[in-house]
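Visitor: If it helps, the file is called start.txt and holds compact mmCIF, C-alpha atoms and all ligand atoms:
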```
# COMPACT_ATOMS: atom_id res chain seq x y z
CA MET A 1 17.89 -14.43 -7.53
CA THR A 2 18.15 -11.05 -5.88
CA THR A 3 20.44 -8.32 -7.13
CA PHE A 4 21.02 -6.63 -3.81
CA GLN A 5 22.64 -7.49 -0.47
CA THR A 6 20.26 -8.95 2.09
CA ILE A 7 20.40 -9.28 5.86
CA ASP A 8 22.09 -12.65 5.31
CA ASP A 9 25.17 -10.65 4.27
CA LEU A 10 25.36 -8.67 7.55
CA GLU A 11 28.02 -9.35 10.18
CA PRO A 12 26.30 -10.01 13.55
CA GLY A 13 26.10 -7.41 16.30
CA ARG A 14 25.77 -4.25 14.20
CA ARG A 15 23.88 -1.04 14.95
CA LEU A 16 21.15 -0.96 12.33
CA LEU A 17 18.73 1.66 11.02
CA VAL A 18 15.80 -0.37 9.63
CA ARG A 19 13.14 1.27 7.42
CA ILE A 20 9.87 -0.61 7.75
CA ASP A 21 6.35 0.26 6.50
CA VAL A 22 3.65 -0.13 9.14
CA ASN A 23 1.45 2.59 7.66
CA ALA A 24 -1.93 1.45 8.96
CA ALA A 25 -5.64 2.19 9.17
CA VAL A 26 -6.57 4.53 12.02
CA GLU A 27 -10.06 4.16 13.49
CA ASP A 28 -11.25 6.71 16.07
CA GLY A 29 -7.62 7.74 16.55
CA ILE A 30 -6.53 4.14 17.26
CA VAL A 31 -3.99 2.46 14.98
CA GLN A 32 -5.22 -0.89 13.68
CA ASP A 33 -3.08 -4.01 13.56
CA SER A 34 -2.40 -5.42 10.11
CA ARG A 35 -0.40 -8.00 8.25
CA ARG A 36 2.33 -5.35 7.80
CA PHE A 37 3.25 -5.55 11.51
CA ALA A 38 3.40 -9.34 11.47
CA ARG A 39 5.56 -9.45 8.35
CA HIS A 40 8.06 -6.83 9.58
CA ALA A 41 8.21 -8.58 12.95
CA GLU A 42 9.71 -11.55 11.09
CA THR A 43 12.59 -9.38 9.84
CA ILE A 44 13.15 -7.83 13.27
CA ARG A 45 13.12 -11.24 14.97
CA GLU A 46 15.89 -12.42 12.66
CA LEU A 47 17.92 -9.29 13.35
CA LEU A 48 17.59 -9.77 17.10
CA ALA A 49 18.68 -13.39 16.78
CA ASP A 50 21.90 -12.06 15.22
CA ASP A 51 22.50 -9.70 18.18
CA HIS A 52 21.94 -6.48 16.27
CA ALA A 53 20.76 -3.24 17.92
CA VAL A 54 17.73 -2.09 15.93
CA ALA A 55 16.32 1.40 15.41
CA LEU A 56 13.18 1.39 13.28
CA LEU A 57 12.19 4.22 10.98
CA ALA A 58 8.61 4.37 9.65
CA HIS A 59 5.82 6.69 8.54
CA GLN A 60 2.10 6.98 9.20
CA GLY A 61 -0.35 8.93 7.02
CA ARG A 62 0.48 12.24 5.42
CA PRO A 63 0.44 15.77 6.89
CA GLY A 64 -3.09 17.16 6.78
CA ARG A 65 -4.83 13.76 6.91
CA ASP A 66 -6.53 12.32 9.98
CA THR A 67 -4.32 9.22 9.65
CA PHE A 68 -1.21 11.38 10.27
CA VAL A 69 -0.64 10.29 13.86
CA SER A 70 2.19 9.35 16.23
CA LEU A 71 3.82 5.93 16.00
CA GLU A 72 3.41 5.23 19.72
CA GLY A 73 0.57 2.76 19.09
CA HIS A 74 2.62 1.09 16.35
CA ALA A 75 5.41 0.37 18.89
CA GLU A 76 2.89 -1.42 21.13
CA ILE A 77 1.50 -3.52 18.27
CA LEU A 78 5.01 -4.45 17.13
CA ALA A 79 6.00 -5.39 20.69
CA ASP A 80 2.98 -7.73 20.85
CA HIS A 81 3.97 -9.41 17.60
CA LEU A 82 7.59 -9.73 18.69
CA ASP A 83 6.87 -10.60 22.30
CA HIS A 84 9.80 -8.28 22.97
CA PRO A 85 9.87 -4.65 24.17
CA VAL A 86 9.85 -1.94 21.51
CA ALA A 87 10.84 1.45 22.94
CA PHE A 88 9.37 4.57 21.33
CA VAL A 89 10.78 8.08 21.11
CA ALA A 90 8.54 10.83 19.74
CA ASP A 91 11.40 12.37 17.80
CA THR A 92 13.05 11.31 14.55
CA ALA A 93 16.44 13.01 14.24
CA GLY A 94 16.62 15.56 17.06
CA GLU A 95 18.41 15.43 20.41
CA ASP A 96 15.94 13.01 22.01
CA ALA A 97 16.20 10.58 19.11
CA LEU A 98 20.00 10.72 19.07
CA ALA A 99 20.15 10.15 22.84
CA ALA A 100 17.84 7.12 22.56
CA ILE A 101 19.92 5.75 19.68
CA GLU A 102 23.13 6.18 21.66
CA ASP A 103 21.64 4.12 24.51
CA LEU A 104 20.75 1.24 22.18
CA GLU A 105 22.41 -2.06 22.96
CA SER A 106 22.52 -5.38 21.19
CA GLY A 107 19.02 -6.95 21.31
CA ASP A 108 17.22 -3.60 21.80
CA VAL A 109 14.48 -2.35 19.50
CA LEU A 110 13.63 1.37 19.27
CA LEU A 111 10.96 2.94 17.06
CA LEU A 112 11.73 6.54 16.06
CA GLY A 113 9.02 9.19 15.58
CA ASN A 114 6.89 9.37 12.39
CA VAL A 115 9.47 10.25 9.72
CA ARG A 116 6.86 12.30 7.81
CA MET A 117 7.00 14.82 10.66
CA CYS A 118 10.32 15.88 9.04
CA ASP A 119 9.68 18.37 6.22
CA GLU A 120 12.52 16.92 4.18
CA GLU A 121 11.08 13.40 3.99
CA LEU A 122 8.21 13.76 1.55
CA PRO A 123 9.11 15.87 -1.48
CA GLU A 124 9.88 13.40 -4.29
CA GLU A 125 13.49 14.15 -5.29
CA GLU A 126 16.49 12.29 -6.66
CA PRO A 127 18.29 9.95 -4.21
CA ASP A 128 21.42 12.13 -4.27
CA VAL A 129 19.33 15.16 -3.20
CA LYS A 130 17.67 13.13 -0.45
CA ALA A 131 21.10 11.98 0.75
CA GLU A 132 21.94 15.63 1.47
CA THR A 133 18.99 16.21 3.83
CA ALA A 134 19.66 16.96 7.50
CA LEU A 135 17.59 13.87 8.35
CA VAL A 136 20.01 11.57 6.51
CA ARG A 137 23.15 13.45 7.48
CA THR A 138 22.18 13.41 11.17
CA LEU A 139 21.05 9.80 11.50
CA ALA A 140 23.45 7.98 9.15
CA PRO A 141 26.62 8.42 11.31
CA ALA A 142 24.82 6.89 14.30
CA PHE A 143 24.59 3.46 12.60
CA ASP A 144 26.78 0.80 11.00
CA ALA A 145 24.29 -0.04 8.26
CA TYR A 146 20.83 0.58 6.78
CA VAL A 147 18.22 -2.13 6.18
CA GLY A 148 15.52 -1.31 3.63
CA ASP A 149 12.47 -3.44 4.44
CA ALA A 150 9.70 -1.11 3.26
CA TYR A 151 8.88 -2.72 -0.10
CA SER A 152 5.38 -1.20 0.05
CA ALA A 153 6.88 2.32 0.07
CA ALA A 154 9.70 1.53 -2.38
CA HIS A 155 7.88 3.48 -5.12
CA ARG A 156 8.34 6.72 -3.17
CA SER A 157 11.58 8.69 -3.66
CA HIS A 158 11.52 9.82 -0.03
CA ALA A 159 14.56 10.54 2.15
CA SER A 160 14.14 7.52 4.42
CA ILE A 161 13.78 5.20 1.40
CA VAL A 162 16.42 6.44 -1.05
CA GLY A 163 18.65 8.88 0.89
CA PHE A 164 20.29 6.54 3.40
CA PRO A 165 21.42 3.86 0.92
CA ARG A 166 23.36 6.56 -0.93
CA VAL A 167 25.62 7.18 2.08
CA MET A 168 25.45 3.93 4.07
CA ASP A 169 26.12 0.26 3.64
CA ALA A 170 22.60 -0.96 2.74
CA TYR A 171 20.83 -4.33 2.83
CA ALA A 172 17.35 -5.57 1.97
CA GLY A 173 15.27 -6.89 4.87
CA ARG A 174 13.20 -10.09 4.60
CA VAL A 175 9.98 -8.33 3.61
CA MET A 176 11.76 -6.40 0.86
CA GLU A 177 13.46 -9.54 -0.41
CA ARG A 178 10.37 -11.78 -0.32
CA GLU A 179 7.96 -9.27 -1.86
CA TYR A 180 10.46 -8.41 -4.58
CA THR A 181 11.04 -12.07 -5.43
CA ALA A 182 7.32 -12.92 -5.39
CA ILE A 183 6.14 -9.97 -7.49
CA THR A 184 8.99 -10.40 -9.99
CA ALA A 185 7.94 -14.04 -10.44
CA VAL A 186 4.30 -12.99 -10.93
CA ARG A 187 5.31 -10.48 -13.59
CA GLU A 188 7.16 -13.14 -15.55
CA ARG A 189 4.24 -15.62 -15.58
CA GLU A 190 2.03 -16.18 -18.61
CA PHE A 191 -1.62 -17.10 -18.18
CA ASP A 192 -3.73 -19.38 -20.30
CA GLY A 193 -7.03 -17.47 -20.21
CA PRO A 194 -8.46 -14.09 -19.28
CA VAL A 195 -6.65 -11.91 -16.75
CA THR A 196 -8.78 -9.64 -14.55
CA MET A 197 -7.75 -6.78 -12.31
CA VAL A 198 -9.95 -5.44 -9.54
CA LEU A 199 -8.95 -1.80 -9.08
CA GLY A 200 -10.43 0.17 -6.22
CA GLY A 201 -9.33 2.05 -3.12
CA THR A 202 -8.76 5.72 -2.71
CA LYS A 203 -5.50 6.57 -4.47
CA ALA A 204 -6.13 7.77 -8.02
CA GLU A 205 -2.45 8.56 -8.53
CA ASP A 206 -1.43 4.93 -7.90
CA THR A 207 -4.22 3.23 -9.81
CA ILE A 208 -5.32 5.21 -12.86
CA PRO A 209 -2.02 4.87 -14.78
CA ILE A 210 -2.12 1.12 -14.20
CA VAL A 211 -4.87 0.64 -16.78
CA GLU A 212 -2.64 1.92 -19.56
CA ARG A 213 0.50 0.23 -18.34
CA LEU A 214 -1.06 -3.20 -17.86
CA ASP A 215 -3.19 -3.11 -20.99
CA ASP A 216 -1.12 -5.87 -22.62
CA THR A 217 -1.42 -8.18 -19.60
CA VAL A 218 -4.90 -7.50 -18.24
CA ASP A 219 -8.06 -8.15 -20.29
CA ARG A 220 -10.61 -6.56 -17.96
CA PHE A 221 -10.46 -4.02 -15.18
CA CYS A 222 -13.25 -4.10 -12.57
CA LEU A 223 -13.41 -0.63 -11.05
CA GLY A 224 -14.74 0.35 -7.65
CA GLY A 225 -14.06 2.43 -4.55
CA VAL A 226 -13.21 6.09 -4.94
CA VAL A 227 -11.36 5.27 -8.16
CA GLY A 228 -14.48 3.64 -9.63
CA GLU A 229 -16.56 6.70 -8.80
CA LEU A 230 -14.04 8.98 -10.48
CA PHE A 231 -14.31 6.86 -13.63
CA LEU A 232 -18.12 7.08 -13.38
CA ARG A 233 -17.83 10.87 -13.15
CA ALA A 234 -15.60 10.84 -16.25
CA ASP A 235 -18.37 8.81 -17.93
CA GLY A 236 -20.88 11.61 -17.24
CA HIS A 237 -22.58 10.20 -14.13
CA ASP A 238 -23.52 12.40 -11.21
CA VAL A 239 -21.15 10.69 -8.73
CA GLY A 240 -17.55 11.17 -7.64
CA TYR A 241 -18.11 14.65 -6.16
CA ASP A 242 -17.27 15.97 -2.71
CA VAL A 243 -20.67 16.15 -1.06
CA ALA A 244 -21.80 15.97 2.56
CA GLY A 245 -18.32 16.51 4.00
CA SER A 246 -16.30 14.08 1.87
CA SER A 247 -12.97 15.39 0.59
CA ARG A 248 -11.64 12.50 -1.46
CA PHE A 249 -13.01 13.35 -4.87
CA ASP A 250 -12.73 16.90 -6.20
CA HIS A 251 -8.99 17.41 -5.81
CA GLN A 252 -8.27 14.00 -7.35
CA TRP A 253 -10.69 14.81 -10.16
CA GLU A 254 -8.95 18.12 -10.90
CA THR A 255 -5.55 16.39 -10.98
CA HIS A 256 -6.52 13.33 -12.99
CA ARG A 257 -9.48 14.41 -15.07
CA ASP A 258 -7.63 14.34 -18.43
CA ASP A 259 -6.21 10.88 -17.75
CA LEU A 260 -9.57 9.53 -16.59
CA GLU A 261 -11.33 10.76 -19.73
CA ARG A 262 -8.57 9.65 -22.11
CA ILE A 263 -8.29 6.18 -20.55
CA LEU A 264 -12.05 5.72 -20.52
CA ASP A 265 -12.16 6.57 -24.22
CA ALA A 266 -9.20 4.41 -25.21
CA TYR A 267 -9.95 1.31 -23.12
CA ARG A 268 -13.72 1.36 -22.78
CA ASP A 269 -14.13 -2.28 -23.82
CA GLU A 270 -11.82 -3.46 -21.03
CA LEU A 271 -13.20 -1.24 -18.29
CA PHE A 272 -16.09 -2.44 -16.13
CA LEU A 273 -17.75 0.32 -14.14
CA PRO A 274 -20.21 -0.08 -11.26
CA THR A 275 -23.87 -0.20 -12.29
CA ASP A 276 -25.07 0.26 -8.73
CA LEU A 277 -23.62 1.79 -5.55
CA ALA A 278 -24.41 1.68 -1.84
CA ASP A 279 -24.67 4.48 0.70
CA GLU A 280 -26.25 5.03 4.10
CA ASP A 281 -29.95 5.88 4.39
CA GLY A 282 -31.38 8.27 7.00
CA ASP A 283 -31.61 5.41 9.53
CA GLY A 284 -27.99 4.37 9.11
CA ASN A 285 -28.80 1.29 7.02
CA ARG A 286 -27.18 0.24 3.77
CA ARG A 287 -29.12 1.43 0.73
CA GLU A 288 -28.38 0.39 -2.85
CA VAL A 289 -29.12 2.60 -5.84
CA PRO A 290 -28.65 2.12 -9.59
CA VAL A 291 -25.96 4.45 -10.96
CA ASP A 292 -28.26 5.80 -13.66
CA GLY A 293 -30.71 7.21 -11.13
CA ILE A 294 -28.15 9.03 -8.98
CA ARG A 295 -28.11 12.80 -8.59
CA LYS A 296 -25.25 14.25 -6.48
CA SER A 297 -26.14 12.97 -3.03
CA GLN A 298 -24.16 11.67 -0.12
CA PRO A 299 -20.87 9.86 -0.58
CA PHE A 300 -21.10 6.25 -1.70
CA LEU A 301 -19.32 3.69 0.41
CA ASP A 302 -19.53 0.47 -1.61
CA VAL A 303 -20.48 -0.96 -4.96
CA GLY A 304 -23.98 -2.45 -5.09
CA SER A 305 -24.76 -6.18 -5.17
CA GLU A 306 -25.45 -6.26 -8.95
CA THR A 307 -21.93 -4.86 -9.54
CA ALA A 308 -20.32 -7.16 -6.96
CA ASP A 309 -21.96 -10.27 -8.50
CA ARG A 310 -20.87 -9.25 -12.00
CA TYR A 311 -17.27 -8.70 -10.84
CA ALA A 312 -17.33 -11.99 -8.91
CA ASP A 313 -18.45 -13.83 -12.09
CA LEU A 314 -15.68 -12.19 -14.12
CA ALA A 315 -13.11 -13.10 -11.48
CA SER A 316 -14.29 -16.72 -11.24
CA ASP A 317 -14.01 -17.06 -14.99
CA SER A 318 -10.37 -15.84 -15.08
CA ALA A 319 -7.02 -17.57 -15.32
CA ALA A 320 -5.54 -14.88 -13.06
CA VAL A 321 -6.91 -12.07 -10.89
CA PHE A 322 -5.02 -9.17 -9.36
CA VAL A 323 -6.68 -7.06 -6.67
CA LYS A 324 -5.46 -3.58 -5.73
CA GLY A 325 -7.67 -1.45 -3.52
CA ALA A 326 -11.03 -2.23 -1.97
CA LEU A 327 -14.39 -1.78 -3.71
CA GLY A 328 -15.85 -0.12 -0.63
CA VAL A 329 -15.27 0.87 2.98
CA PHE A 330 -15.03 -2.77 4.07
CA GLU A 331 -13.90 -1.76 7.59
CA ASP A 332 -17.61 -0.99 8.19
CA GLU A 333 -19.55 -4.27 7.89
CA ARG A 334 -22.45 -2.53 6.12
CA PHE A 335 -20.12 -1.61 3.26
CA ALA A 336 -17.99 -4.74 3.08
CA ASP A 337 -20.28 -6.73 0.76
CA GLY A 338 -18.74 -5.59 -2.53
CA THR A 339 -15.14 -6.36 -1.58
CA VAL A 340 -15.95 -9.53 0.37
CA THR A 341 -18.16 -10.97 -2.41
CA VAL A 342 -15.43 -10.51 -5.01
CA VAL A 343 -12.49 -11.57 -2.81
CA SER A 344 -14.41 -14.68 -1.64
CA ALA A 345 -15.20 -15.63 -5.26
CA ILE A 346 -11.49 -15.37 -6.07
CA ALA A 347 -10.61 -17.49 -3.01
CA GLU A 348 -13.08 -20.18 -4.11
CA SER A 349 -11.88 -20.31 -7.71
CA ASP A 350 -8.79 -22.10 -9.00
CA CYS A 351 -7.36 -18.99 -10.65
CA PHE A 352 -3.91 -17.58 -9.94
CA SER A 353 -4.52 -14.64 -7.60
CA VAL A 354 -2.73 -11.78 -5.90
CA VAL A 355 -4.49 -9.57 -3.35
CA GLY A 356 -2.60 -6.39 -2.49
CA GLY A 357 -2.71 -3.11 -0.64
CA GLY A 358 -1.81 -2.16 2.91
CA ASP A 359 -5.47 -1.67 3.77
CA THR A 360 -6.98 -4.05 1.25
CA ALA A 361 -5.03 -7.06 2.50
CA ARG A 362 -6.89 -6.61 5.81
CA VAL A 363 -10.10 -7.86 4.18
CA VAL A 364 -8.61 -11.32 4.31
CA GLU A 365 -8.13 -11.07 8.11
CA LEU A 366 -11.29 -9.18 9.00
CA TYR A 367 -13.64 -11.49 7.13
CA ASP A 368 -11.86 -14.80 7.81
CA VAL A 369 -10.98 -15.54 4.23
CA ASP A 370 -8.16 -18.11 4.17
CA GLU A 371 -4.85 -16.56 3.02
CA ASP A 372 -3.87 -19.96 1.56
CA ASP A 373 -6.70 -19.66 -0.96
CA PHE A 374 -4.70 -16.95 -2.79
CA SER A 375 -1.43 -17.35 -4.65
CA ARG A 376 -0.08 -14.30 -2.81
CA VAL A 377 -1.33 -11.71 -0.34
CA THR A 378 1.06 -8.78 -0.60
CA ILE A 379 1.25 -5.98 1.96
CA ALA A 380 2.19 -3.56 -0.82
CA GLY A 381 -0.34 -1.57 -2.83
CA GLY A 382 1.05 1.14 -5.11
CA ALA A 383 4.48 -0.51 -5.17
CA TYR A 384 3.04 -3.88 -6.17
CA VAL A 385 1.01 -2.60 -9.09
CA ARG A 386 3.92 -0.50 -10.31
CA ALA A 387 6.21 -3.51 -10.12
CA LEU A 388 3.64 -5.55 -12.07
CA THR A 389 3.93 -3.06 -14.92
CA GLY A 390 7.69 -3.55 -14.96
CA GLU A 391 8.34 -0.04 -13.75
CA PRO A 392 11.45 0.11 -11.52
CA LEU A 393 11.00 0.92 -7.84
CA VAL A 394 13.41 3.59 -6.62
CA GLY A 395 13.76 1.94 -3.22
CA ILE A 396 15.01 -1.24 -4.92
CA ASP A 397 17.23 0.63 -7.38
CA VAL A 398 19.22 2.26 -4.57
CA LEU A 399 19.83 -1.12 -2.95
CA GLU A 400 20.89 -2.63 -6.28
CA ASP A 401 23.29 0.25 -6.89
CA GLN A 402 25.35 -0.97 -3.93
CA HIS A 403 25.78 -4.49 -5.25
N1 LIG A 501 -16.15 4.62 -1.72
C1 LIG A 501 -15.15 4.73 -0.84
N2 LIG A 501 -15.07 5.83 -0.06
C2 LIG A 501 -14.06 5.96 0.83
N3 LIG A 501 -13.10 5.03 1.04
C3 LIG A 501 -13.15 3.92 0.29
C4 LIG A 501 -14.16 3.72 -0.68
N4 LIG A 501 -13.96 2.52 -1.25
C5 LIG A 501 -12.85 2.01 -0.68
N5 LIG A 501 -12.36 2.82 0.26
C6 LIG A 501 -11.19 2.61 1.13
O1 LIG A 501 -10.08 2.23 0.36
C7 LIG A 501 -9.12 1.69 1.27
C8 LIG A 501 -8.14 0.79 0.52
O2 LIG A 501 -7.58 1.43 -0.54
P1 LIG A 501 -6.19 2.29 -0.55
O3 LIG A 501 -6.25 3.23 -1.65
O4 LIG A 501 -5.88 2.78 0.83
O5 LIG A 501 -5.21 1.23 -1.02
P2 LIG A 501 -4.49 0.04 -0.32
O6 LIG A 501 -5.17 -1.12 -0.80
O7 LIG A 501 -4.38 0.11 1.14
O8 LIG A 501 -3.05 0.20 -0.94
P3 LIG A 501 -1.81 1.08 -0.46
O9 LIG A 501 -0.92 0.06 0.13
O10 LIG A 501 -1.37 1.70 -1.71
O11 LIG A 501 -2.25 2.08 0.56
C9 LIG A 501 -9.93 0.95 2.29
O12 LIG A 501 -9.43 1.24 3.56
C10 LIG A 501 -11.37 1.45 2.08
O13 LIG A 501 -12.00 1.89 3.27
O1 LIG A 502 0.47 2.48 2.47
C1 LIG A 502 1.19 2.63 1.48
O2 LIG A 502 0.83 2.37 0.33
C2 LIG A 502 2.62 3.07 1.70
O3 LIG A 502 2.91 3.12 3.06
C3 LIG A 502 2.89 4.40 1.04
O4 LIG A 502 2.09 5.39 1.64
P1 LIG A 502 1.72 6.70 0.79
O5 LIG A 502 0.78 6.24 -0.30
O6 LIG A 502 1.07 7.63 1.78
O7 LIG A 502 3.00 7.25 0.23
```
Rewrite the coordinates I just gave you, this time as structure tokens.
Ligand SMILES: Nc1ncnc2c1ncn2[C@@H]1O[C@H](COP(=O)(O)OP(=O)(O)OP(=O)(O)O)[C@@H](O)[C@H]1O
Ligand SMILES: O=C(O)[C@H](O)COP(=O)(O)O

Guide:
Amino acid sequence: MTTFQTIDDLEPGRRLLVRIDVNAAVEDGIVQDSRRFARHAETIRELLADDHAVALLAHQGRPGRDTFVSLEGHAEILADHLDHPVAFVADTAGEDALAAIEDLESGDVLLLGNVRMCDEELPEEEPDVKAETALVRTLAPAFDAYVGDAYSAAHRSHASIVGFPRVMDAYAGRVMEREYTAITAVREREFDGPVTMVLGGTKAEDTIPIVERLDDTVDRFCLGGVVGELFLRADGHDVGYDVAGSSRFDHQWETHRDDLERILDAYRDELFLPTDLADEDGDGNRREVPVDGIRKSQPFLDVGSETADRYADLASDSAAVFVKGALGVFEDERFADGTVTVVSAIAESDCFSVVGGGDTARVVELYDVDEDDFSRVTIAGGAYVRALTGEPLVGIDVLEDQH
């Protein structure tokens, strides 16, 4: 049972501001389709069937990153999924946006400009502070209600997530409702056997604290990706440094070094670190090297096959497996082996399994693994692992406050 209003509680024919999360991979400047688009399209389709006028609010990347791009391509992908036009305005709360919103009629869909272009969106502040931003104060009066559908960003206390529900009638969209219900049910399950978590990806902030918080539930953590390399660095290995143009490691190391070292010390028996890694040789081919022999060289892009096989064995021998974050840059076929080996082993086993992460869930599509072979494929990453620990999500709290 949900503890917030959902779109089932909306009167038909309203003017709605709908926060979705279609934050996506960007390759060579081109936004890549993902399960996030398909899932949000389901919410939008239902809203159109009820004659609502829909303005969508979303983000892409973060300022300073090469994934921080316009949402124009997102509008095209959404339109394909919906088989319905999605207009785009490259403005979020200025004159152009307000004019486009005013023109909206029942059955129209409009995507507003990347909300992270507004300076007020990102700083993590209390919902009441976010409700006072010009972004919220300008857009809120133009709508009858707010629909929060961005479960995968519900762990961020950003204006578009927590500000609007403070000043508007607010409802959960289908994605929000389904993800919340599914992850809550997962959290309440008990498992008869070992529980394994595969923790990888690039976001130290979202993953490192999970080890401590899920210590009671998870028996072994298989580490990979950028996060795995940072743990290897904490363990005294010569990896996890910014070399040859990479910029993912040193700033995360500076921020999280104490936590990495403390957690490694306290939970060493439960942590499995890569024993080999893969990078690109001078001819552009995959090359695998044992961790012990590495001296600071080029960035590593995958775990090696010895590590992948060991993680796959651990996963197959588990009652439940949770995946958050990829073990390598699986978007490049040469560096997909680690993630695909482990995810395929999970798919083939009878264990209870959840695969999560906006990017990570794409492995299932790109490498033709059958979604039905997992108990759940969630489009959330950081939000899902936080919810697993029982930590409240601010984006849900603000919806519940209205009930
Ligand atoms: N060694 C590595 N170097 C660089 N990128 C890596 C490495 N290993 C994995 N990745 C990248 O990690 C990404 C997935 O992890 P990410 O931290 O983005 O989390 P996610 O699963 O998408 O969850 P979220 O929804 O929180 O974003 C993949 O796109 C993959 O390319
Ligand atoms: O992709 C995600 O995990 C969400 O869209 C949140 O994005 P963020 O990690 O940049 O806040």

Visitor: For A:Arg174, which residue out of A:Glu188, A:Asp219, A:Asp279, A:Asp149 is the nearest one, using only C-alpha atoms?

Guide: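 Smallest distance to A:Arg174 is found for A:Asp149.
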
Visitor: Once you count all atoms listed in the file, which residues end up within 6 Å of ligand LIG 501 (chain A), and could you hand them over as a list in words?

Guide: Gly201, Thr202, Lys203, Gly225, Val226, Phe300, Leu301, Asp302, Lys324, Gly325, Ala326, Leu327, Gly328, Val329, Phe330, Glu331, Gly357, Gly358, Asp359, Thr360, Ala380, Gly381 and Gly382 of chain A

Visitor: Could you tell me which of A:Thr255, A:Leu232, A:Glu212, A:Asp317 comes closest to A:Tyr267 if we count only C-alpha atoms?

Guide: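 The shortest atom-to-atom distance to A:Tyr267 comes from A:Glu212.
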
Visitor: Given a cut-off of 9 Å, what residues near ligand LIG 502 (chain A) show up using all atoms listed in the file, put as a PyMOL selection string?

Guide: chain A and resi 21-24+58-62+122+150-156+158+203+206+357-359+379-383

Visitor: Any chance you could export the current selection's C-alpha atoms as a tab-separated table (two decimals), in the coordinates of the input?

Guide:
```
chain	number	residue	atom	x	y	z
A	21	ASP	CA	6.35	0.26	6.50
A	22	VAL	CA	3.65	-0.13	9.14
A	23	ASN	CA	1.45	2.59	7.66
A	24	ALA	CA	-1.93	1.45	8.96
A	58	ALA	CA	8.61	4.37	9.65
A	59	HIS	CA	5.82	6.69	8.54
A	60	GLN	CA	2.10	6.98	9.20
A	61	GLY	CA	-0.35	8.93	7.02
A	62	ARG	CA	0.48	12.24	5.42
A	122	LEU	CA	8.21	13.76	1.55
A	150	ALA	CA	9.70	-1.11	3.26
A	151	TYR	CA	8.88	-2.72	-0.10
A	152	SER	CA	5.38	-1.20	0.05
A	153	ALA	CA	6.88	2.32	0.07
A	154	ALA	CA	9.70	1.53	-2.38
A	155	HIS	CA	7.88	3.48	-5.12
A	156	ARG	CA	8.34	6.72	-3.17
A	158	HIS	CA	11.52	9.82	-0.03
A	203	LYS	CA	-5.50	6.57	-4.47
A	206	ASP	CA	-1.43	4.93	-7.90
A	357	GLY	CA	-2.71	-3.11	-0.64
A	358	GLY	CA	-1.81	-2.16	2.91
A	359	ASP	CA	-5.47	-1.67	3.77
A	379	ILE	CA	1.25	-5.98	1.96
A	380	ALA	CA	2.19	-3.56	-0.82
A	381	GLY	CA	-0.34	-1.57	-2.83
A	382	GLY	CA	1.05	1.14	-5.11
A	383	ALA	CA	4.48	-0.51	-5.17
```

Visitor: Residues near A:Ile101, anyone? I mean within 8 Å using all atoms listed in the file, not counting same-chain ones fewer than 3 positions away, as a list in words.

Guide: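 Neighbouring residues, sequence-local ones excluded: Ala55, Ala97, Leu98, Leu104, Leu110 and Ala142 of chain A.
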